[in-house]
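**Student:** data.txt is reproduced in full below (compact mmCIF, C-alpha atoms and all ligand atoms).
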# COMPACT_ATOMS: atom_id res chain seq x y z
CA MET A 1 48.86 90.23 116.12
CA SER A 2 49.93 93.85 116.16
CA ASP A 3 53.24 94.07 114.34
CA VAL A 4 54.18 96.90 112.01
CA PHE A 5 52.20 95.45 109.09
CA VAL A 6 48.84 95.44 110.90
CA ASP A 7 47.50 98.55 109.12
CA LEU A 8 48.16 97.17 105.65
CA VAL A 9 44.56 96.34 104.92
CA GLY A 10 43.97 93.23 102.81
CA GLN A 11 47.51 93.13 101.33
CA ASP A 12 48.57 89.58 102.23
CA ASP A 13 50.86 89.04 99.21
CA ALA A 14 52.72 92.30 99.66
CA VAL A 15 53.10 91.71 103.40
CA ASP A 16 54.53 88.22 102.70
CA THR A 17 57.10 89.71 100.33
CA LEU A 18 58.07 92.42 102.81
CA ARG A 19 58.37 90.01 105.73
CA ARG A 20 60.67 87.78 103.71
CA ALA A 21 62.74 90.77 102.62
CA ALA A 22 63.03 92.01 106.21
CA ALA A 23 64.26 88.58 107.30
CA ALA A 24 66.76 88.53 104.43
CA ALA A 25 67.91 92.02 105.40
CA ALA A 26 68.52 90.82 108.96
CA ASP A 27 70.58 87.94 107.53
CA VAL A 28 72.64 90.47 105.56
CA LEU A 29 73.43 92.30 108.80
CA ARG A 30 74.40 89.01 110.46
CA GLY A 31 76.51 88.15 107.42
CA THR A 32 74.54 84.97 106.76
CA ALA A 33 72.53 86.03 103.74
CA ASP A 34 72.34 84.10 100.49
CA PRO A 35 73.11 86.48 97.69
CA GLY A 36 69.85 87.60 96.13
CA ALA A 37 67.73 86.17 98.93
CA GLY A 38 64.99 88.77 98.68
CA MET A 39 66.61 91.95 99.90
CA THR A 40 67.40 94.80 97.52
CA HIS A 41 68.43 98.42 97.93
CA ALA A 42 65.63 100.06 96.01
CA TRP A 43 61.92 99.36 96.18
CA ILE A 44 58.92 100.92 94.57
CA PHE A 45 55.43 100.61 96.06
CA THR A 46 52.52 101.05 93.66
CA GLY A 47 48.80 100.50 93.96
CA PRO A 48 45.42 102.09 93.37
CA PRO A 49 44.68 105.24 95.37
CA GLY A 50 43.81 104.34 98.94
CA SER A 51 45.53 100.97 98.93
CA GLY A 52 48.19 102.12 101.43
CA ARG A 53 51.44 102.68 99.50
CA SER A 54 53.11 104.90 102.10
CA VAL A 55 51.74 102.77 104.93
CA ALA A 56 53.51 99.80 103.34
CA ALA A 57 56.77 101.67 102.84
CA ARG A 58 56.81 102.91 106.42
CA ALA A 59 56.02 99.49 107.81
CA PHE A 60 58.85 97.99 105.80
CA ALA A 61 61.23 100.71 107.01
CA ALA A 62 60.27 99.79 110.58
CA ALA A 63 60.86 96.10 109.90
CA LEU A 64 64.34 96.95 108.56
CA GLN A 65 65.15 98.82 111.78
CA CYS A 66 63.49 96.26 114.04
CA ALA A 67 65.81 94.78 116.69
CA HIS A 68 64.34 91.36 115.89
CA GLY A 69 64.41 91.86 112.13
CA THR A 70 60.70 91.12 111.90
CA GLY A 71 58.87 94.39 112.46
CA CYS A 72 57.69 93.24 115.89
CA GLY A 73 56.01 96.61 116.57
CA ARG A 74 57.28 96.70 120.16
CA CYS A 75 61.05 97.36 120.05
CA PRO A 76 62.54 100.89 119.93
CA GLY A 77 63.52 100.46 116.26
CA CYS A 78 59.91 99.74 115.25
CA HIS A 79 58.49 102.43 117.52
CA THR A 80 60.77 105.27 116.50
CA THR A 81 60.43 104.47 112.80
CA LEU A 82 56.63 104.51 112.93
CA ALA A 83 56.71 107.67 115.06
CA GLY A 84 58.98 109.35 112.50
CA THR A 85 61.86 109.90 114.92
CA HIS A 86 64.35 107.15 113.94
CA ALA A 87 67.74 108.74 113.22
CA ASP A 88 68.36 106.51 110.20
CA VAL A 89 64.98 106.85 108.51
CA ARG A 90 64.28 109.87 106.37
CA LEU A 91 60.75 110.44 105.19
CA VAL A 92 60.34 112.71 102.19
CA VAL A 93 56.79 114.04 102.01
CA PRO A 94 56.60 116.79 99.43
CA GLU A 95 54.50 119.52 100.93
CA GLY A 96 54.27 122.68 98.92
CA LEU A 97 56.91 122.43 96.23
CA SER A 98 57.74 119.27 94.41
CA ILE A 99 60.93 117.56 95.52
CA GLY A 100 63.76 119.59 94.03
CA VAL A 101 67.28 118.60 93.09
CA THR A 102 69.00 120.42 95.99
CA GLU A 103 66.88 118.64 98.56
CA MET A 104 67.41 115.32 96.82
CA ARG A 105 71.21 115.73 96.61
CA ALA A 106 71.41 116.56 100.34
CA LEU A 107 69.22 113.58 101.08
CA VAL A 108 71.27 111.21 98.98
CA LEU A 109 74.46 112.44 100.65
CA ARG A 110 73.13 111.89 104.15
CA ALA A 111 71.72 108.54 103.20
CA ALA A 112 75.22 107.41 102.21
CA SER A 113 76.54 107.82 105.76
CA THR A 114 76.94 104.88 108.13
CA PRO A 115 73.67 104.11 109.92
CA SER A 116 73.96 105.33 113.50
CA GLY A 117 71.80 102.48 114.77
CA GLY A 118 74.02 99.91 113.08
CA ARG A 119 71.30 98.63 110.74
CA TRP A 120 70.15 100.52 107.61
CA GLN A 121 69.84 104.03 106.29
CA VAL A 122 66.31 104.18 104.90
CA VAL A 123 64.93 106.89 102.65
CA VAL A 124 61.16 106.86 102.07
CA VAL A 125 59.89 109.04 99.21
CA THR A 126 56.11 109.07 99.53
CA ASP A 127 55.29 110.78 96.22
CA ALA A 128 58.05 109.75 93.87
CA ASP A 129 55.82 110.92 90.99
CA ARG A 130 56.40 114.46 92.22
CA LEU A 131 60.17 114.46 91.81
CA THR A 132 61.50 117.06 89.39
CA GLU A 133 63.47 115.58 86.51
CA ALA A 134 66.77 116.77 88.00
CA ALA A 135 65.86 115.33 91.41
CA GLY A 136 64.93 112.06 89.74
CA ASN A 137 68.38 111.96 88.12
CA ALA A 138 70.11 112.60 91.46
CA LEU A 139 68.09 109.79 93.00
CA LEU A 140 68.83 107.49 90.07
CA LYS A 141 72.57 107.97 90.54
CA ALA A 142 72.26 106.88 94.18
CA ILE A 143 70.10 103.89 93.26
CA GLU A 144 72.52 102.82 90.55
CA GLU A 145 75.46 102.73 92.96
CA PRO A 146 73.83 102.23 96.35
CA PRO A 147 75.95 102.55 99.49
CA PRO A 148 76.01 99.08 101.10
CA ARG A 149 73.66 99.96 103.97
CA THR A 150 71.24 102.30 102.22
CA VAL A 151 67.69 101.40 101.18
CA PHE A 152 65.40 103.56 99.06
CA LEU A 153 61.63 103.09 99.31
CA LEU A 154 59.64 104.97 96.66
CA CYS A 155 55.85 105.28 96.50
CA ALA A 156 53.99 106.16 93.30
CA PRO A 157 50.52 105.55 91.84
CA SER A 158 51.94 103.30 89.13
CA THR A 159 55.09 102.49 87.20
CA HIS A 160 53.80 104.46 84.20
CA PRO A 161 56.63 106.66 82.83
CA ASP A 162 54.56 109.73 83.81
CA ASP A 163 54.90 108.66 87.43
CA VAL A 164 58.38 107.14 87.60
CA SER A 165 61.14 107.27 85.03
CA VAL A 166 61.79 104.02 83.21
CA THR A 167 65.41 103.93 84.40
CA ILE A 168 64.46 104.31 88.07
CA ARG A 169 61.77 101.67 87.65
CA SER A 170 64.29 99.25 86.12
CA ARG A 171 66.52 99.54 89.21
CA CYS A 172 63.76 98.93 91.76
CA ARG A 173 61.98 95.89 93.03
CA LEU A 174 58.24 96.35 92.66
CA VAL A 175 55.64 95.80 95.39
CA GLN A 176 52.15 96.06 93.94
CA LEU A 177 49.33 96.68 96.38
CA ARG A 178 45.84 95.62 95.42
CA GLN A 179 42.41 96.92 96.12
CA PRO A 180 41.56 95.62 99.61
CA PRO A 181 38.27 93.77 100.22
CA ALA A 182 35.40 95.75 101.80
CA SER A 183 35.33 93.62 104.95
CA ALA A 184 39.00 94.42 105.66
CA VAL A 185 38.38 98.14 105.08
CA ALA A 186 35.35 98.17 107.41
CA GLU A 187 37.35 96.40 110.07
CA VAL A 188 40.11 99.02 109.98
CA LEU A 189 37.62 101.93 110.12
CA VAL A 190 36.12 100.48 113.28
CA ARG A 191 39.45 99.60 114.88
CA ARG A 192 41.46 102.71 114.01
CA ASP A 193 38.92 105.50 113.62
CA GLY A 194 36.27 104.29 116.04
CA THR A 195 33.61 104.42 113.30
CA ALA A 196 30.34 102.75 114.27
CA PRO A 197 30.29 99.22 112.75
CA ASP A 198 27.15 99.78 110.62
CA VAL A 199 28.51 103.06 109.18
CA ALA A 200 31.91 101.44 108.56
CA GLU A 201 30.31 98.54 106.72
CA TRP A 202 28.21 100.87 104.57
CA ALA A 203 31.17 103.18 103.77
CA ALA A 204 33.54 100.30 102.98
CA ALA A 205 31.02 98.73 100.60
CA ALA A 206 30.22 102.07 98.95
CA ALA A 207 33.94 102.92 98.58
CA GLN A 208 34.56 99.56 96.90
CA GLY A 209 37.86 98.94 98.67
CA HIS A 210 39.37 102.44 98.70
CA VAL A 211 40.47 102.96 102.31
CA GLY A 212 40.71 106.76 102.18
CA ARG A 213 37.42 107.08 100.29
CA ALA A 214 35.67 104.85 102.83
CA ARG A 215 37.06 107.01 105.59
CA ARG A 216 35.85 110.19 103.83
CA LEU A 217 32.39 108.76 103.19
CA ALA A 218 32.15 107.80 106.86
CA ALA A 219 33.23 111.26 108.07
CA ASP A 220 32.56 113.91 105.38
CA PRO A 221 28.96 114.94 104.56
CA GLN A 222 30.10 116.65 101.30
CA ALA A 223 31.62 113.43 100.02
CA ARG A 224 28.31 111.69 100.77
CA GLU A 225 26.41 114.42 98.90
CA ARG A 226 28.61 114.09 95.79
CA ARG A 227 28.09 110.35 95.81
CA ALA A 228 24.32 110.77 96.17
CA ALA A 229 24.30 113.12 93.17
CA VAL A 230 26.09 110.53 91.03
CA LEU A 231 23.71 107.79 92.11
CA ALA A 232 20.75 110.02 91.20
CA VAL A 233 21.86 109.93 87.53
CA PRO A 234 20.01 106.73 86.51
CA ARG A 235 16.75 108.21 87.78
CA ARG A 236 17.25 111.43 85.86
CA LEU A 237 17.77 109.83 82.44
CA THR A 238 14.33 110.44 80.89
CA GLY A 239 15.30 111.49 77.36
CA VAL A 240 18.06 112.66 75.02
CA GLY A 241 18.15 116.16 76.51
CA ALA A 242 18.29 114.76 80.04
CA ALA A 243 21.15 112.46 79.02
CA PHE A 244 23.23 115.37 77.74
CA ASP A 245 22.35 117.40 80.85
CA ALA A 246 23.45 114.54 83.08
CA ALA A 247 26.76 114.29 81.18
CA ALA A 248 27.43 118.01 81.59
CA ALA A 249 26.54 117.86 85.29
CA LEU A 250 28.82 114.89 85.93
CA ILE A 251 31.78 116.59 84.24
CA ALA A 252 31.12 119.89 86.02
CA ALA A 253 30.95 118.12 89.38
CA ALA A 254 34.29 116.38 88.72
CA GLU A 255 35.88 119.70 87.75
CA ALA A 256 34.57 121.42 90.88
CA GLU A 257 35.75 118.61 93.11
CA ALA A 258 39.21 118.62 91.51
CA GLU A 259 39.49 122.38 91.75
CA ALA A 260 38.66 122.31 95.44
CA ALA A 261 41.21 119.55 95.95
CA VAL A 262 44.16 121.33 94.32
CA ALA A 263 43.37 125.04 94.89
CA GLU A 264 44.85 125.23 98.35
CA SER A 265 48.12 123.44 97.57
CA ASP A 266 48.53 125.38 94.27
CA ALA A 267 48.39 128.72 96.07
CA ALA A 268 50.67 127.54 98.87
CA GLU A 269 53.25 126.20 96.40
CA ARG A 270 53.30 129.42 94.43
CA ALA A 271 53.73 131.49 97.56
CA ALA A 272 56.50 129.20 98.83
CA LEU A 273 58.37 129.37 95.54
CA GLN A 274 58.11 133.16 95.40
CA THR A 275 59.42 133.41 98.94
CA ALA A 276 62.25 131.01 98.17
CA LEU A 277 63.22 133.01 95.08
CA GLY A 278 63.26 136.25 97.05
CA ALA A 279 62.53 139.70 95.71
CA GLY A 280 65.38 139.67 93.19
CA GLY A 281 68.80 141.27 93.71
CA THR A 282 70.67 144.04 91.90
CA GLY A 283 74.19 142.62 91.95
CA ARG A 284 76.01 140.72 89.24
CA GLY A 285 74.19 137.54 88.37
CA ALA A 286 70.77 138.98 89.24
CA ALA A 287 69.70 138.77 85.61
CA GLY A 288 70.72 135.15 85.46
CA ALA A 289 68.89 134.45 88.72
CA ALA A 290 65.75 136.12 87.36
CA ARG A 291 65.91 133.94 84.25
CA GLY A 292 66.27 130.94 86.54
CA SER A 293 63.24 131.90 88.63
CA ALA A 294 61.07 132.42 85.53
CA GLY A 295 61.99 128.87 84.57
CA GLN A 296 61.12 127.55 88.01
CA LEU A 297 57.75 129.31 87.99
CA LYS A 298 57.01 127.89 84.58
CA GLU A 299 57.96 124.41 85.73
CA LEU A 300 55.69 124.82 88.77
CA GLU A 301 52.78 125.93 86.58
CA ARG A 302 53.32 122.98 84.26
CA ARG A 303 53.26 120.56 87.18
CA GLN A 304 50.20 122.20 88.73
CA LYS A 305 48.33 122.00 85.44
CA SER A 306 49.09 118.32 85.02
CA ARG A 307 48.09 117.68 88.62
CA ALA A 308 44.78 119.52 88.06
CA THR A 309 44.09 117.38 85.00
CA ARG A 310 44.87 114.26 86.97
CA ALA A 311 42.65 115.37 89.86
CA GLN A 312 39.77 115.89 87.41
CA ARG A 313 40.28 112.46 85.87
CA ASP A 314 40.44 110.94 89.36
CA ALA A 315 37.21 112.64 90.45
CA LEU A 316 35.42 111.62 87.26
CA ASP A 317 36.71 108.08 87.57
CA ARG A 318 35.45 107.86 91.16
CA ALA A 319 32.02 108.95 89.93
CA LEU A 320 32.11 106.32 87.16
CA VAL A 321 33.10 103.63 89.65
CA ASP A 322 30.09 104.60 91.81
CA LEU A 323 27.84 104.48 88.76
CA ALA A 324 29.24 101.10 87.69
CA GLY A 325 28.41 99.83 91.19
CA PHE A 326 24.77 100.81 90.68
CA TYR A 327 24.40 98.91 87.38
CA ARG A 328 26.33 95.99 88.81
CA ASP A 329 23.72 95.91 91.61
CA ALA A 330 20.90 95.96 89.01
CA LEU A 331 22.57 93.09 87.16
CA THR A 332 23.04 90.94 90.27
CA ILE A 333 19.39 91.50 91.22
CA ALA A 334 18.23 90.66 87.68
CA VAL A 335 20.08 87.34 87.67
CA GLY A 336 19.23 86.63 91.32
CA ALA A 337 22.88 86.39 92.41
CA PRO A 338 23.17 85.92 96.20
CA VAL A 339 25.67 88.76 96.76
CA ALA A 340 25.50 91.96 98.81
CA PRO A 341 24.87 95.19 96.88
CA VAL A 342 27.64 97.77 96.43
CA HIS A 343 25.21 100.58 97.19
CA ALA A 344 22.81 99.33 99.83
CA ASP A 345 21.05 102.73 99.89
CA THR A 346 20.04 102.59 96.20
CA ALA A 347 19.35 98.85 96.08
CA GLU A 348 15.61 99.50 95.68
CA LEU A 349 16.17 101.72 92.66
CA ALA A 350 18.57 99.14 91.22
CA GLY A 351 15.83 96.53 91.76
CA ALA A 352 13.35 98.65 89.78
CA GLY A 353 15.96 98.96 87.01
CA ALA A 354 16.50 95.22 87.02
CA GLN A 355 12.76 94.65 86.41
CA LYS A 356 12.60 97.18 83.62
CA TRP A 357 15.81 96.26 81.79
CA SER A 358 16.24 92.53 82.59
CA ALA A 359 19.75 91.12 82.95
CA GLU A 360 20.79 91.92 79.36
CA GLY A 361 19.80 95.56 79.66
CA ALA A 362 21.56 95.95 83.02
CA LEU A 363 24.71 94.33 81.60
CA ARG A 364 24.67 96.63 78.55
CA ARG A 365 24.50 99.63 80.85
CA LEU A 366 27.27 98.33 83.12
CA GLU A 367 29.43 97.76 80.04
CA ALA A 368 28.72 101.31 78.87
CA VAL A 369 30.11 102.70 82.13
CA LEU A 370 33.20 100.49 81.92
CA ALA A 371 33.72 101.43 78.26
CA CYS A 372 33.55 105.09 79.26
CA ARG A 373 36.31 104.58 81.84
CA SER A 374 38.52 102.79 79.29
CA ALA A 375 37.90 105.49 76.68
CA ILE A 376 38.93 108.25 79.08
CA GLU A 377 42.00 106.26 80.06
CA ALA A 378 42.84 106.01 76.36
CA ASN A 379 42.63 109.82 76.15
CA VAL A 380 39.22 110.22 74.52
CA LYS A 381 37.87 113.63 75.55
CA PRO A 382 35.93 113.03 78.82
CA ARG A 383 32.88 114.98 77.60
CA ILE A 384 32.49 112.83 74.48
CA ALA A 385 32.99 109.58 76.38
CA VAL A 386 30.52 110.57 79.11
CA GLU A 387 27.85 111.77 76.64
CA SER A 388 28.07 108.53 74.71
CA MET A 389 27.76 106.58 77.96
CA MET A 390 24.71 108.59 79.13
CA LEU A 391 22.92 107.93 75.84
CA THR A 392 23.48 104.18 76.25
CA LEU A 393 22.37 104.36 79.90
CA TRP A 394 19.17 106.02 78.80
CA ARG A 395 18.39 103.92 75.72
CA GLY A 396 19.93 100.65 76.89
ZN ZN B 1 60.74 95.57 116.31
Before we go any further, please render this structure as structure tokens.
**Tutor:**
Amino acid sequence: MSDVFVDLVGQDDAVDTLRRAAAAAADVLRGTADPGAGMTHAWIFTGPPGSGRSVAARAFAAALQCAHGTGCGRCPGCHTTLAGTHADVRLVVPEGLSIGVTEMRALVLRAASTPSGGRWQVVVVTDADRLTEAAGNALLKAIEEPPPRTVFLLCAPSTHPDDVSVTIRSRCRLVQLRQPPASAVAEVLVRRDGTAPDVAEWAAAAAQGHVGRARRLAADPQARERRAAVLAVPRRLTGVGAAFDAAAALIAAAEAEAEAAVAESDAAERAALQTALGAGGTGRGAAGAARGSAGQLKELERRQKSRATRAQRDALDRALVDLAGFYRDALTIAVGAPVAPVHADTAELAGAGAQKWSAEGALRRLEAVLACRSAIEANVKPRIAVESMMLTLWRG
């Protein structure tokens, strides 16, 4: 089976929903739809990082444009949508600046026109969490009074108000993607990237279901090094001083990783904004324009700072998930559970831990890692949460 949903790894429920909606949408076009039969004009795709939010939105867009109404993957509607060349599908991928109000208004206007292919006008916004407030309002207006043939597909990490405004959320139907199983991730690495099966299996298990992370682990030596450093933590915990050192090292590594991840786009965004604002005029209204640009720069800095904070939290959380995997392995070995380890390459070390700590000790340590994640999520300062966790990992 190679229809448009084939790359949605391990998302059977979401794919079911989208298939039904595509069929209902085809009924709408034929004029045979039951009112409320599963098709709506605004959708929001959420899911953990790496679960395939934009893949899902694009596949659904293709299914809406499919000549057979199914997302067959073979007709021109499916092909051109997936290739990004369908005249009635607009993909908004914010590169550089966040999505501004001017761009959004133009987009909304064009999306209101009659679809040239006779089916739907589809607008895919891949990072709806990066809309400016004004752009969000322009989008909301369109979603509140949708033109009859227009469909909005938004992608965001979650429906938390930081990501998507509550009013937009309330107008959208939600498709929640889940963390795909390792076997499904390994399969897609082999099929799509040509990764060797044993490497794919290792990376998928180590990434614990994160498709992009599995792909990075399979291809990027630096990602493998960072993971190895995290998994060396249990070995390094030999005393109170070592525990505090390990906490500081873990936080510093997360900061460095986050900085590397956002540095390039930060600089590019700033340069793009400065170019867009020009060198400043001398005519009437120049003062007002200058005030406006100061505001835009400030807004950009605010967004970059919040993105940097999020990138740090993400990097730290990835490290904690890796660490949790190690203690989970120790626990399963201690209780003799017949399951495969998360980290095959540190299974021996986890086995030694299991002997030393027994099941109770391994469980206490696993719980300490999970408690650290929850604490950081609840806005406890990362350093305090991580130090407390390291002390428990050392003492048990
Ligand atoms: Zn098709």
**Student:** Residues near stretch 350-357 of chain A, anyone? I mean within 9 Å using all atoms listed in the file, not counting same-chain ones fewer than 3 positions away, as a ChimeraX atom specification.
**Tutor:** /A:234,326-335,346-347,360-362,396
**Student:** Return the single residue from A:Gly73, A:Gly10, A:Gly117, A:Gly47 that is closest to ligand ZN 1 (chain B), with distances computed using all atoms listed in the file.
**Tutor:** A:Gly73
**Student:** Throw together the list of residues within 10 Å of ligand ZN 1 (chain B), counting only C-alpha atoms and all ligand atoms, and drop it here as a tab-separated table (two decimals) with C-alpha atoms, in the frame of the given file.
**Tutor:**
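Once everything was written out, this is part.tsv:
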chain	number	residue	atom	x	y	z
A	3	ASP	CA	53.24	94.07	114.34
A	4	VAL	CA	54.18	96.90	112.01
A	62	ALA	CA	60.27	99.79	110.58
A	63	ALA	CA	60.86	96.10	109.90
A	64	LEU	CA	64.34	96.95	108.56
A	65	GLN	CA	65.15	98.82	111.78
A	66	CYS	CA	63.49	96.26	114.04
A	67	ALA	CA	65.81	94.78	116.69
A	68	HIS	CA	64.34	91.36	115.89
A	69	GLY	CA	64.41	91.86	112.13
A	70	THR	CA	60.70	91.12	111.90
A	71	GLY	CA	58.87	94.39	112.46
A	72	CYS	CA	57.69	93.24	115.89
A	73	GLY	CA	56.01	96.61	116.57
A	74	ARG	CA	57.28	96.70	120.16
A	75	CYS	CA	61.05	97.36	120.05
A	76	PRO	CA	62.54	100.89	119.93
A	77	GLY	CA	63.52	100.46	116.26
A	78	CYS	CA	59.91	99.74	115.25
A	79	HIS	CA	58.49	102.43	117.52
A	80	THR	CA	60.77	105.27	116.50
A	81	THR	CA	60.43	104.47	112.80
**Student:** With distances taken over only C-alpha atoms, which residue among A:Ala249, A:Val166, A:Ala56, A:Ala25 lies nearest A:Val151?
**Tutor:**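 Ranking A:Ala249, A:Val166, A:Ala56, A:Ala25 by distance to A:Val151, first place goes to A:Ala25.
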**Student:** Restricting the calculation to only C-alpha atoms: of A:Leu300, A:Ala344, A:Ala308, A:Val199, which residue gets closest to A:Leu231?
**Tutor:** A:Ala344
**Student:** Have a look at A:Ala135, A:Val262, A:Val28, A:Leu393 and name the one nearest to A:Gly239; count all atoms listed in the file.
**Tutor:** A:Leu393
**Student:** So which residues touch A:Val15 within 12 Å, counting only C-alpha atoms, skipping near sequence neighbours fewer than 6 positions away, as a tab-separated table (two decimals) with C-alpha atoms, keeping the file's coordinate frame?
**Tutor:**
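Result saved to around.tsv:
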chain	number	residue	atom	x	y	z
A	3	ASP	CA	53.24	94.07	114.34
A	4	VAL	CA	54.18	96.90	112.01
A	5	PHE	CA	52.20	95.45	109.09
A	6	VAL	CA	48.84	95.44	110.90
A	7	ASP	CA	47.50	98.55	109.12
A	8	LEU	CA	48.16	97.17	105.65
A	9	VAL	CA	44.56	96.34	104.92
A	21	ALA	CA	62.74	90.77	102.62
A	22	ALA	CA	63.03	92.01	106.21
A	45	PHE	CA	55.43	100.61	96.06
A	52	GLY	CA	48.19	102.12	101.43
A	53	ARG	CA	51.44	102.68	99.50
A	55	VAL	CA	51.74	102.77	104.93
A	56	ALA	CA	53.51	99.80	103.34
A	57	ALA	CA	56.77	101.67	102.84
A	59	ALA	CA	56.02	99.49	107.81
A	60	PHE	CA	58.85	97.99	105.80
A	63	ALA	CA	60.86	96.10	109.90
A	70	THR	CA	60.70	91.12	111.90
A	71	GLY	CA	58.87	94.39	112.46
A	175	VAL	CA	55.64	95.80	95.39
A	176	GLN	CA	52.15	96.06	93.94
A	177	LEU	CA	49.33	96.68	96.38
A	178	ARG	CA	45.84	95.62	95.42
**Student:** At a cut-off of 12 Å, using all atoms listed in the file, what residues contact A:Leu139? Leave out same-chain residues fewer than 6 positions from it and give the result as a PyMOL selection string.
**Tutor:** chain A and resi 42+99-109+111-112+123-125+128+131-133+145-146+151-154+164-165+167-169+171-172
**Student:** In Å, rounded to a single decimal, give me how far atom CA of A:Gln274 is from atom CA of A:Lys298.
**Tutor:**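 Computed distance, atom CA of A:Lys298 to atom CA of A:Gln274, equals 12.1 Å.
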**Student:** From the set A:Arg213, A:Arg236, A:His160, A:Arg30, which residue has the shortest atom-to-atom contact distance to A:Leu189, counting only C-alpha atoms?
**Tutor:** A:Arg213
**Student:** Excluding stretch 366-374 of chain A and any residue of its chain fewer than 3 positions from it, enumerate the residues within 6 Å of it, using all atoms listed in the file, and give them as a VMD selection string.
**Tutor:** chain A and resid 324 327 363 377 385 389
**Student:** Could you write out that same residue set with C-alpha atoms as a JSON list (two decimals), in the coordinates of the input?
**Tutor:**
[["chain", "number", "residue", "atom", "x", "y", "z"],
["A", 324, "ALA", "CA", 29.24, 101.10, 87.69],
["A", 327, "TYR", "CA", 24.40, 98.91, 87.38],
["A", 363, "LEU", "CA", 24.71, 94.33, 81.60],
["A", 377, "GLU", "CA", 42.00, 106.26, 80.06],
["A", 385, "ALA", "CA", 32.99, 109.58, 76.38],
["A", 389, "MET", "CA", 27.76, 106.58, 77.96]]
**Student:** Check the smallest atom-to-atom distance from each of A:Asp220, A:Ala252, A:Met39, A:Val240 to A:Arg20 using all atoms listed in the file, then report the winner.
**Tutor:** A:Met39
**Student:** So how many Å separate atom CA of A:Arg313 and atom CA of A:Asp193, to one decimal?
**Tutor:**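 Rounded to one decimal, the two atoms are 28.6 Å apart.
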**Student:** Can you tell me, as a ChimeraX atom specification, what residues are no more than 6 Å from A:Gln121 when counting only C-alpha atoms, ignoring any on the same chain fewer than 2 positions away?
**Tutor:** /A:88,111,115,150
**Student:** Can I get the selected residues back with C-alpha atoms, as a JSON list (two decimals), in the coordinates of the input?
**Tutor:**
[["chain", "number", "residue", "atom", "x", "y", "z"],
["A", 88, "ASP", "CA", 68.36, 106.51, 110.20],
["A", 111, "ALA", "CA", 71.72, 108.54, 103.20],
["A", 115, "PRO", "CA", 73.67, 104.11, 109.92],
["A", 150, "THR", "CA", 71.24, 102.30, 102.22]]
**Student:** Between atom CA of A:Asp317 and atom CA of A:Ala219, what is the distance in Å, rounded to a tenth?
**Tutor:**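 Distance reported for this atom pair: 21.0 Å.
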**Student:** Using the structure just given, write a file holding N, CA and C atoms for stretch 101-112 of chain A, as a compact mmCIF listing (two decimals), in the first residue's frame.
**Tutor:**
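What follows is the written file result11.txt:
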# COMPACT_ATOMS: atom_id res chain seq x y z
N VAL A 101 1.53 39.53 9.89
CA VAL A 101 0.12 39.79 9.59
C VAL A 101 -0.10 40.06 8.10
N THR A 102 0.85 40.73 7.45
CA THR A 102 0.67 41.06 6.02
C THR A 102 0.60 39.78 5.20
N GLU A 103 1.56 38.89 5.49
CA GLU A 103 1.60 37.62 4.77
C GLU A 103 0.31 36.83 5.02
N MET A 104 -0.13 36.83 6.29
CA MET A 104 -1.32 36.06 6.63
C MET A 104 -2.56 36.62 5.95
N ARG A 105 -2.69 37.96 5.90
CA ARG A 105 -3.86 38.57 5.26
C ARG A 105 -3.89 38.21 3.77
N ALA A 106 -2.73 38.29 3.10
CA ALA A 106 -2.67 37.96 1.68
C ALA A 106 -3.07 36.50 1.46
N LEU A 107 -2.58 35.67 2.38
CA LEU A 107 -2.85 34.24 2.29
C LEU A 107 -4.34 33.94 2.44
N VAL A 108 -4.93 34.58 3.44
CA VAL A 108 -6.34 34.38 3.73
C VAL A 108 -7.18 34.83 2.53
N LEU A 109 -6.78 35.95 1.93
CA LEU A 109 -7.50 36.49 0.78
C LEU A 109 -7.47 35.51 -0.38
N ARG A 110 -6.26 35.00 -0.67
CA ARG A 110 -6.14 34.07 -1.79
C ARG A 110 -6.87 32.77 -1.51
N ALA A 111 -6.85 32.38 -0.26
CA ALA A 111 -7.50 31.12 0.10
C ALA A 111 -9.02 31.21 -0.04
N ALA A 112 -9.55 32.44 -0.10
CA ALA A 112 -10.99 32.60 -0.22
C ALA A 112 -11.47 32.47 -1.66
